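Novice: Sharing final-v2.cif, mmCIF, C-alpha atoms:
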```cif
data_entry
#
loop_
_atom_site.label_atom_id
_atom_site.label_comp_id
_atom_site.auth_asym_id
_atom_site.auth_seq_id
_atom_site.Cartn_x
_atom_site.Cartn_y
_atom_site.Cartn_z
CA MET C 5 29.65 63.61 4.39
CA LYS C 6 26.51 61.51 4.05
CA SER C 7 25.91 59.05 1.26
CA THR C 8 22.50 58.33 -0.13
CA ASN C 9 23.68 54.86 -1.13
CA ASP C 10 23.95 51.90 1.21
CA LEU C 11 27.14 50.10 1.98
CA LEU C 12 27.52 46.64 0.55
CA THR C 13 26.06 43.74 2.39
CA ALA C 14 28.12 40.59 2.95
CA THR C 15 26.34 38.88 0.10
CA ASN C 16 27.23 41.45 -2.50
CA LYS C 17 29.48 40.35 -5.34
CA HIS C 18 31.97 43.14 -4.70
CA GLN C 19 32.56 42.16 -1.08
CA ASP C 20 35.80 40.43 -2.01
CA TRP C 21 37.13 43.79 -3.17
CA VAL C 22 37.23 45.06 0.42
CA PRO C 23 40.61 43.48 1.28
CA LEU C 24 42.04 44.69 -2.05
CA LEU C 25 40.94 48.22 -1.25
CA GLU C 26 42.54 47.95 2.17
CA VAL C 27 45.82 46.61 0.74
CA ALA C 28 45.82 49.33 -1.91
CA ALA C 29 45.57 52.00 0.79
CA ARG C 30 48.12 50.33 3.07
CA GLU C 31 50.70 50.11 0.28
CA VAL C 32 50.35 53.78 -0.62
CA PHE C 33 50.86 54.85 2.99
CA GLU C 34 53.78 52.50 3.53
CA LEU C 35 55.63 53.41 0.33
CA MET C 36 54.89 57.12 0.09
CA LEU C 37 54.52 58.14 3.75
CA GLY C 38 56.47 55.44 5.57
CA CYS C 39 53.44 54.76 7.81
CA LYS C 40 51.58 51.59 8.60
CA LEU C 41 47.80 51.88 8.69
CA LYS C 42 45.93 49.95 11.36
CA PRO C 43 42.40 48.59 11.30
CA ALA C 44 39.92 50.96 12.93
CA ALA C 45 37.27 49.84 15.38
CA THR C 46 33.70 50.52 14.35
CA ASP C 47 33.45 53.38 16.83
CA ALA C 48 36.89 54.80 16.07
CA GLY C 49 36.98 58.47 15.22
CA ALA C 50 33.56 59.12 16.69
CA ASN C 51 34.73 62.54 17.82
CA GLU C 52 36.62 63.36 14.66
CA ASN C 53 35.18 65.67 12.05
CA LEU C 54 36.03 64.06 8.69
CA ASP C 55 36.00 67.37 6.88
CA VAL C 56 38.42 66.69 4.04
CA THR C 57 37.26 64.45 1.21
CA SER C 58 39.36 63.58 -1.79
CA MET C 59 37.67 61.93 -4.78
CA VAL C 60 38.80 60.27 -7.98
CA GLY C 61 36.36 59.13 -10.64
CA LEU C 62 36.66 55.80 -12.42
CA ALA C 63 35.32 55.33 -15.94
CA GLY C 64 35.33 52.47 -18.41
CA LYS C 65 35.06 48.84 -17.37
CA LEU C 66 34.36 50.01 -13.84
CA CYS C 67 32.52 53.26 -13.27
CA GLY C 68 32.37 54.87 -9.90
CA LEU C 69 33.99 57.15 -7.40
CA LEU C 70 36.79 56.37 -4.98
CA SER C 71 37.05 58.67 -1.99
CA VAL C 72 39.37 59.14 0.96
CA ARG C 73 37.96 61.01 3.94
CA CYS C 74 39.74 62.24 7.04
CA SER C 75 40.00 65.17 9.42
CA SER C 76 41.96 68.33 8.56
CA LYS C 77 44.47 67.31 11.21
CA ALA C 78 45.01 63.96 9.51
CA ALA C 79 45.23 65.57 6.06
CA VAL C 80 47.93 67.98 7.21
CA LEU C 81 49.79 65.06 8.79
CA VAL C 82 49.56 63.18 5.46
CA ALA C 83 51.16 66.17 3.72
CA SER C 84 53.82 66.41 6.43
CA LYS C 85 54.75 62.73 6.09
CA MET C 86 54.75 62.82 2.30
CA LEU C 87 56.98 65.87 2.12
CA GLY C 88 59.14 64.98 5.10
CA VAL C 89 58.59 68.39 6.70
CA ASP C 90 57.12 69.59 9.99
CA VAL C 91 53.35 69.81 10.28
CA ASP C 92 53.43 73.61 10.46
CA LYS C 93 55.18 73.72 7.08
CA ALA C 94 52.73 71.29 5.45
CA SER C 95 49.42 72.99 6.18
CA SER C 96 49.22 74.68 2.77
CA GLU C 97 49.73 71.39 0.95
CA PHE C 98 47.12 69.15 2.56
CA LYS C 99 44.57 69.31 -0.26
CA ASP C 100 47.15 68.49 -2.90
CA ALA C 101 48.60 65.70 -0.74
CA LEU C 102 45.27 64.03 -0.02
CA GLY C 103 44.28 64.32 -3.68
CA GLU C 104 47.45 62.53 -4.69
CA VAL C 105 46.94 59.86 -2.03
CA CYS C 106 43.43 59.23 -3.37
CA ASN C 107 44.77 59.08 -6.92
CA MET C 108 47.40 56.52 -5.94
CA VAL C 109 44.95 54.39 -3.94
CA ALA C 110 42.56 54.36 -6.92
CA GLY C 111 45.31 53.40 -9.35
CA ASN C 112 46.74 50.78 -7.02
CA PHE C 113 43.28 49.32 -6.40
CA LYS C 114 42.38 48.94 -10.06
CA ASN C 115 45.79 47.43 -10.79
CA LYS C 116 44.98 44.66 -8.30
CA ILE C 117 41.78 43.59 -9.98
CA SER C 118 42.22 41.23 -12.89
CA GLY C 119 41.04 42.80 -16.13
CA LEU C 120 40.42 46.20 -14.62
CA ASN C 121 43.86 47.70 -15.12
CA GLU C 122 43.19 47.88 -18.84
CA GLY C 123 40.16 49.89 -19.83
CA CYS C 124 39.47 51.71 -16.58
CA MET C 125 40.51 55.34 -16.51
CA LEU C 126 40.95 57.68 -13.58
CA SER C 127 39.97 61.31 -13.36
CA VAL C 128 42.22 63.91 -11.80
CA PRO C 129 41.43 64.21 -8.06
CA THR C 130 38.92 66.62 -6.57
CA VAL C 131 39.19 67.65 -2.93
CA VAL C 132 36.27 68.98 -0.89
CA VAL C 133 36.86 70.72 2.44
CA GLY C 134 33.86 70.72 4.79
CA SER C 135 31.55 68.00 5.96
CA ASP C 136 28.02 69.34 5.61
CA TYR C 137 27.13 67.89 2.24
CA SER C 138 25.47 64.83 0.74
CA LEU C 139 26.92 62.66 -1.99
CA HIS C 140 24.32 61.27 -4.34
CA SER C 141 25.07 58.77 -7.08
CA MET C 142 22.70 58.64 -10.05
CA THR C 143 22.31 54.88 -9.72
CA ASP C 144 21.23 52.59 -6.91
CA SER C 145 24.79 51.50 -6.62
CA PRO C 146 26.47 49.80 -3.71
CA ALA C 147 29.60 51.10 -2.02
CA ILE C 148 32.43 49.38 -0.25
CA GLU C 149 34.21 51.03 2.62
CA VAL C 150 37.38 50.47 4.62
CA ARG C 151 38.04 52.23 7.92
CA LEU C 152 41.67 52.54 8.94
CA LEU C 153 43.76 54.39 11.48
CA PHE C 154 46.56 56.66 10.32
CA GLU C 155 48.64 57.72 13.34
CA ASP C 156 45.52 57.02 15.44
CA LEU C 157 43.41 59.30 13.23
CA LEU C 158 40.49 57.87 11.26
CA LEU C 159 40.77 57.45 7.52
CA VAL C 160 37.79 56.19 5.52
CA VAL C 161 38.41 54.82 2.04
CA SER C 162 35.37 53.96 -0.03
CA ILE C 163 34.27 53.20 -3.55
CA GLN C 164 30.84 54.02 -4.86
CA ILE C 165 30.24 51.66 -7.76
CA ASN C 166 27.97 52.43 -10.67
CA GLU C 167 26.82 49.05 -11.90
CA MET G 29 78.06 61.94 -12.07
CA ASP G 30 77.83 65.46 -13.52
CA SER G 31 75.27 67.90 -12.23
CA ILE G 32 72.20 68.10 -14.48
CA GLN G 33 69.07 70.16 -15.04
CA ALA G 34 65.80 68.20 -14.84
CA LEU G 35 62.14 68.86 -15.55
CA ILE G 36 59.43 67.31 -13.36
CA VAL G 37 55.90 67.36 -14.80
CA ASP G 38 53.03 66.53 -12.46
CA ASP G 39 49.81 68.33 -11.56
CA SER G 40 50.52 67.68 -7.88
CA SER G 41 53.09 70.04 -6.34
CA VAL G 42 53.53 67.55 -3.50
CA MET G 43 54.39 64.81 -5.96
CA ARG G 44 56.85 67.07 -7.80
CA LYS G 45 58.67 67.63 -4.52
CA ILE G 46 58.66 63.90 -3.73
CA VAL G 47 60.08 63.07 -7.16
CA GLU G 48 62.82 65.69 -6.74
CA ARG G 49 63.68 64.32 -3.31
CA SER G 50 63.78 60.78 -4.71
CA LEU G 51 66.14 61.87 -7.48
CA ARG G 52 68.49 63.51 -5.01
CA GLN G 53 68.38 60.46 -2.74
CA ALA G 54 69.13 58.28 -5.75
CA GLY G 55 72.37 60.21 -6.11
CA VAL G 56 71.38 62.40 -9.05
CA GLN G 57 73.19 65.74 -8.81
CA LEU G 58 70.65 68.40 -9.73
CA SER G 59 71.90 71.87 -10.55
CA LYS G 60 68.36 73.06 -11.31
CA VAL G 61 64.91 71.53 -11.27
CA PHE G 62 62.15 72.98 -13.45
CA GLU G 63 58.55 72.17 -12.57
CA ALA G 64 55.40 72.07 -14.69
CA GLY G 65 51.81 71.23 -13.77
CA ASN G 66 50.88 69.74 -17.14
CA GLY G 67 52.23 68.97 -20.58
CA ALA G 68 51.52 72.41 -22.00
CA GLU G 69 53.41 74.11 -19.19
CA ALA G 70 56.26 71.67 -19.68
CA LEU G 71 56.55 72.50 -23.39
CA ALA G 72 56.63 76.19 -22.48
CA VAL G 73 59.45 75.56 -19.99
CA LEU G 74 61.42 73.68 -22.64
CA LYS G 75 61.23 76.57 -25.11
CA ASP G 76 63.61 78.58 -22.96
CA ASN G 77 65.50 75.93 -21.01
CA LYS G 78 67.58 72.88 -21.72
CA VAL G 79 67.29 69.80 -19.53
CA SER G 80 68.98 66.41 -19.38
CA LEU G 81 66.13 64.45 -17.81
CA ILE G 82 62.34 64.65 -17.80
CA LEU G 83 60.05 62.87 -15.34
CA CYS G 84 56.40 63.05 -16.28
CA ASP G 85 53.01 62.04 -14.91
CA ILE G 86 50.33 60.86 -17.37
CA ASN G 87 47.00 61.82 -15.85
CA MET G 88 47.04 65.64 -15.85
CA PRO G 89 44.62 68.39 -16.85
CA VAL G 90 45.07 70.61 -19.94
CA MET G 91 47.62 68.31 -21.62
CA ASP G 92 48.30 64.80 -20.35
CA GLY G 93 51.66 63.09 -20.27
CA LEU G 94 51.12 60.95 -23.35
CA GLU G 95 50.22 63.95 -25.50
CA PHE G 96 53.22 65.78 -24.02
CA ILE G 97 55.74 63.14 -25.08
CA LYS G 98 54.14 62.96 -28.54
CA GLN G 99 54.67 66.71 -28.95
CA LEU G 100 58.10 66.50 -27.33
CA ALA G 101 59.28 64.45 -30.31
CA GLY G 102 59.02 67.62 -32.39
CA VAL G 103 61.14 69.72 -30.05
CA GLU G 104 64.61 69.77 -31.57
CA SER G 105 66.41 70.78 -28.36
CA CYS G 106 65.00 67.75 -26.55
CA LYS G 107 66.23 65.09 -28.97
CA GLY G 108 67.84 62.32 -26.92
CA VAL G 109 66.65 63.65 -23.57
CA PRO G 110 65.39 60.64 -21.57
CA VAL G 111 61.79 60.77 -20.37
CA VAL G 112 60.58 58.60 -17.51
CA MET G 113 56.86 58.33 -16.84
CA ILE G 114 55.83 58.28 -13.17
CA THR G 115 52.13 57.55 -12.95
CA THR G 116 49.27 55.67 -11.35
CA GLU G 117 48.19 54.60 -14.83
CA GLY G 118 49.78 51.18 -15.04
CA SER G 119 47.81 49.69 -17.90
CA GLU G 120 49.77 47.83 -20.55
CA SER G 121 48.35 50.00 -23.31
CA ASN G 122 49.57 53.15 -21.56
CA VAL G 123 53.01 51.64 -21.05
CA VAL G 124 53.19 50.60 -24.71
CA THR G 125 51.97 54.01 -25.88
CA ALA G 126 54.44 55.84 -23.65
CA LEU G 127 57.38 53.70 -24.74
CA SER G 128 56.42 53.89 -28.40
CA CYS G 129 56.27 57.68 -28.11
CA GLY G 130 59.81 57.79 -26.81
CA ALA G 131 59.62 57.32 -23.04
CA LYS G 132 62.64 55.42 -21.73
CA GLY G 133 61.17 54.26 -18.45
CA TYR G 134 57.90 53.74 -16.62
CA ILE G 135 57.47 53.89 -12.85
CA ARG G 136 54.12 53.11 -11.28
CA LYS G 137 52.89 55.12 -8.27
CA PRO G 138 53.19 54.39 -5.39
CA PHE G 139 56.91 53.96 -5.87
CA THR G 140 60.04 53.50 -3.80
CA GLU G 141 63.17 55.61 -4.03
CA GLU G 142 64.96 52.42 -5.09
CA GLN G 143 62.70 52.16 -8.16
CA VAL G 144 63.54 55.73 -9.14
CA LYS G 145 67.22 54.89 -8.81
CA GLU G 146 66.87 51.70 -10.89
CA HIS G 147 65.10 53.48 -13.73
CA VAL G 148 66.93 56.81 -13.83
CA ILE G 149 70.60 56.15 -13.11
CA PRO G 150 71.17 53.81 -16.10
CA LEU G 151 69.53 56.36 -18.39
CA LEU G 152 71.80 59.14 -17.21
CA ALA G 153 74.83 56.88 -17.46
CA GLY G 154 73.82 55.93 -21.01
CA ALA G 155 73.29 59.53 -22.02
CA ARG G 156 76.81 60.60 -21.09
#
```
Translate this file's structure into structure tokens.
Specialist:
Amino acid sequence: MKSTNDLLTATNKHQDWVPLLEVAAREVFELMLGCKLKPAATDAGANENLDVTSMVGLAGKLCGLLSVRCSSKAAVLVASKMLGVDVDKASSEFKDALGEVCNMVAGNFKNKISGLNEGCMLSVPTVVVGSDYSLHSMTDSPAIEVRLLFEDLLLVVSIQINE
Amino acid sequence: MDSIQALIVDDSSVMRKIVERSLRQAGVQLSKVFEAGNGAEALAVLKDNKVSLILCDINMPVMDGLEFIKQLAGVESCKGVPVVMITTEGSESNVVTALSCGAKGYIRKPFTEEQVKEHVIPLLAGAR
């Protein structure tokens, strides 16, 4: 997936949301999957095809799109951990599982921002499988992104914000 | 604790399975678990089946959880059946709306099995 919008610079006002986004994702994985996420090096996952993207829209006080991207292998492992079943029994559930993870990260994230919990609604998740597409927001909005390792597989959590 | 029939309403099949597992791990004896992907499906299930516990998401397509519990109030066979919301929507207004519409508990996702136990067991004990 390519984005037509730039990532935030260090001077952007939403930069302090980066750690909140990371904590939101970490908590979901710890509570629902029993897994600790680790920080990913900049070049981590260079050989991974992040071909599963889950997205949840935010509307109201904050408008935007929160997405979780990972490889199919990681998505199936997410489903396996959530359901507590072997990987081979979880392959049919990976889209649903990643959608729910994205939904929980979005909800957890907005609950951590003062004033945002009230008046910011979430859409139901949408999951895209495949990587050859571009995501274009209708505004020149910034995005914030967190790169984490889930069982040594890359997971990219980002929010595209519509100012 | 007696064995009960429960209804789990969530648009995610993975989440429905997690909620069922959490109930069982909390010590709830489940003789049968009905599943529904939204509020409308849940109302259809309840036309033909009687349950002792309902766990319900809020943010769902077709009919969301808040509309479901509003309509549930008009279902005679469900009078007194405890409903616990399990949702990412943790805003105070949603909690107030859910509770005012008859929900007896509110669990925010992500959740622990201990939270499910804390919210559900007292309701089942009180309903006996």
Novice: Quick one: residues within 9 Å of (46.9, 60.2, -16.2) (file frame), counting all atoms listed in the file, please, as a list of chain:residue names.
Specialist: C:Met125, C:Leu126, C:Ser127, C:Val128, G:Asp85, G:Ile86, G:Asn87, G:Met88, G:Pro89, G:Asp92, G:Gly93, G:Leu94, G:Thr115, G:Thr116, G:Glu117
Novice: So the first atom is atom CA of G:Ser119 and the second is atom CA of G:Glu95; what is the distance between them in Å, to one decimal place?
Specialist: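 Atom CA of G:Glu95 lies at a distance of 16.3 Å from atom CA of G:Ser119.
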Novice: Within 10 Å of (49.2, 65.8, 9.3), all atoms listed in the file: residues as a PyMOL selection string?
Specialist: chain C and resi 75-86+90-92+94-95+98+154-155+157
Novice: Applied to this file, what does the PyMOL selection byres ((chain C and resi 72) around 6) return in terms of residues, put as a ChimeraX atom specification?
Specialist: /C:57-58,71,73,106,160-161
Novice: Report as an MDAnalysis selection string the residues that result from applying the PyMOL selection byres ((chain C) within 12 of (chain G)) to the structure here.
Specialist: chainID C and resid 28:38 60 62 82:89 94:130
Novice: I want to know what sits within 10 Å of stretch 73-79 of chain G, based on only C-alpha atoms, with residues of the same chain fewer than 3 positions away left out; could you give that as a compact mmCIF listing (two decimals) with C-alpha atoms, in the frame of the given file?
Specialist:
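File selection_14.txt, as written:
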```
# COMPACT_ATOMS: atom_id res chain seq x y z
CA ILE G 32 72.20 68.10 -14.48
CA GLN G 33 69.07 70.16 -15.04
CA ALA G 34 65.80 68.20 -14.84
CA LEU G 35 62.14 68.86 -15.55
CA LYS G 60 68.36 73.06 -11.31
CA VAL G 61 64.91 71.53 -11.27
CA PHE G 62 62.15 72.98 -13.45
CA GLU G 63 58.55 72.17 -12.57
CA ALA G 64 55.40 72.07 -14.69
CA GLY G 67 52.23 68.97 -20.58
CA ALA G 68 51.52 72.41 -22.00
CA GLU G 69 53.41 74.11 -19.19
CA ALA G 70 56.26 71.67 -19.68
CA ILE G 82 62.34 64.65 -17.80
CA LEU G 100 58.10 66.50 -27.33
CA VAL G 103 61.14 69.72 -30.05
CA GLU G 104 64.61 69.77 -31.57
CA SER G 105 66.41 70.78 -28.36
CA CYS G 106 65.00 67.75 -26.55
CA VAL G 109 66.65 63.65 -23.57
CA PRO G 110 65.39 60.64 -21.57
```
Novice: Give me the residues within 9 Å of G:Leu151 as an mmCIF file with C-alpha atoms, in the coordinates of the input, counting only C-alpha atoms and dropping any in the same chain fewer than 6 places off.
Specialist:
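File produced: out31.cif:
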```cif
data_model
loop_
_atom_site.group_PDB
_atom_site.id
_atom_site.type_symbol
_atom_site.label_atom_id
_atom_site.label_comp_id
_atom_site.auth_asym_id
_atom_site.auth_seq_id
_atom_site.Cartn_x
_atom_site.Cartn_y
_atom_site.Cartn_z
ATOM 1 C CA LEU G 81 66.130 64.450 -17.810
ATOM 2 C CA PRO G 110 65.390 60.640 -21.570
ATOM 3 C CA LYS G 132 62.640 55.420 -21.730
ATOM 4 C CA GLY G 133 61.170 54.260 -18.450
#
```
Novice: When you draw a straight line from atom CA of C:His18 to atom CA of C:Thr46, how long is it in Å?
Specialist: 20.5 Å
Novice: Which residues match the PyMOL selection byres ((chain C and resi 52) around 9) in the file above, as number ranges by chain?
Specialist: C: 48-51, 53-55, 74-75, 157-158
Novice: Store the residues picked out above in a file with C-alpha atoms, as a CSV table (one decimal), in the coordinates of the input.
Specialist:
```csv
chain,number,residue,atom,x,y,z
C,48,ALA,CA,36.9,54.8,16.1
C,49,GLY,CA,37.0,58.5,15.2
C,50,ALA,CA,33.6,59.1,16.7
C,51,ASN,CA,34.7,62.5,17.8
C,53,ASN,CA,35.2,65.7,12.0
C,54,LEU,CA,36.0,64.1,8.7
C,55,ASP,CA,36.0,67.4,6.9
C,74,CYS,CA,39.7,62.2,7.0
C,75,SER,CA,40.0,65.2,9.4
C,157,LEU,CA,43.4,59.3,13.2
C,158,LEU,CA,40.5,57.9,11.3
```
Novice: Between atom CA of C:Val131 and atom CA of C:Gln164, what is the spacing in Å?
Specialist: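 Rounded to one decimal, the two atoms are 16.1 Å apart.
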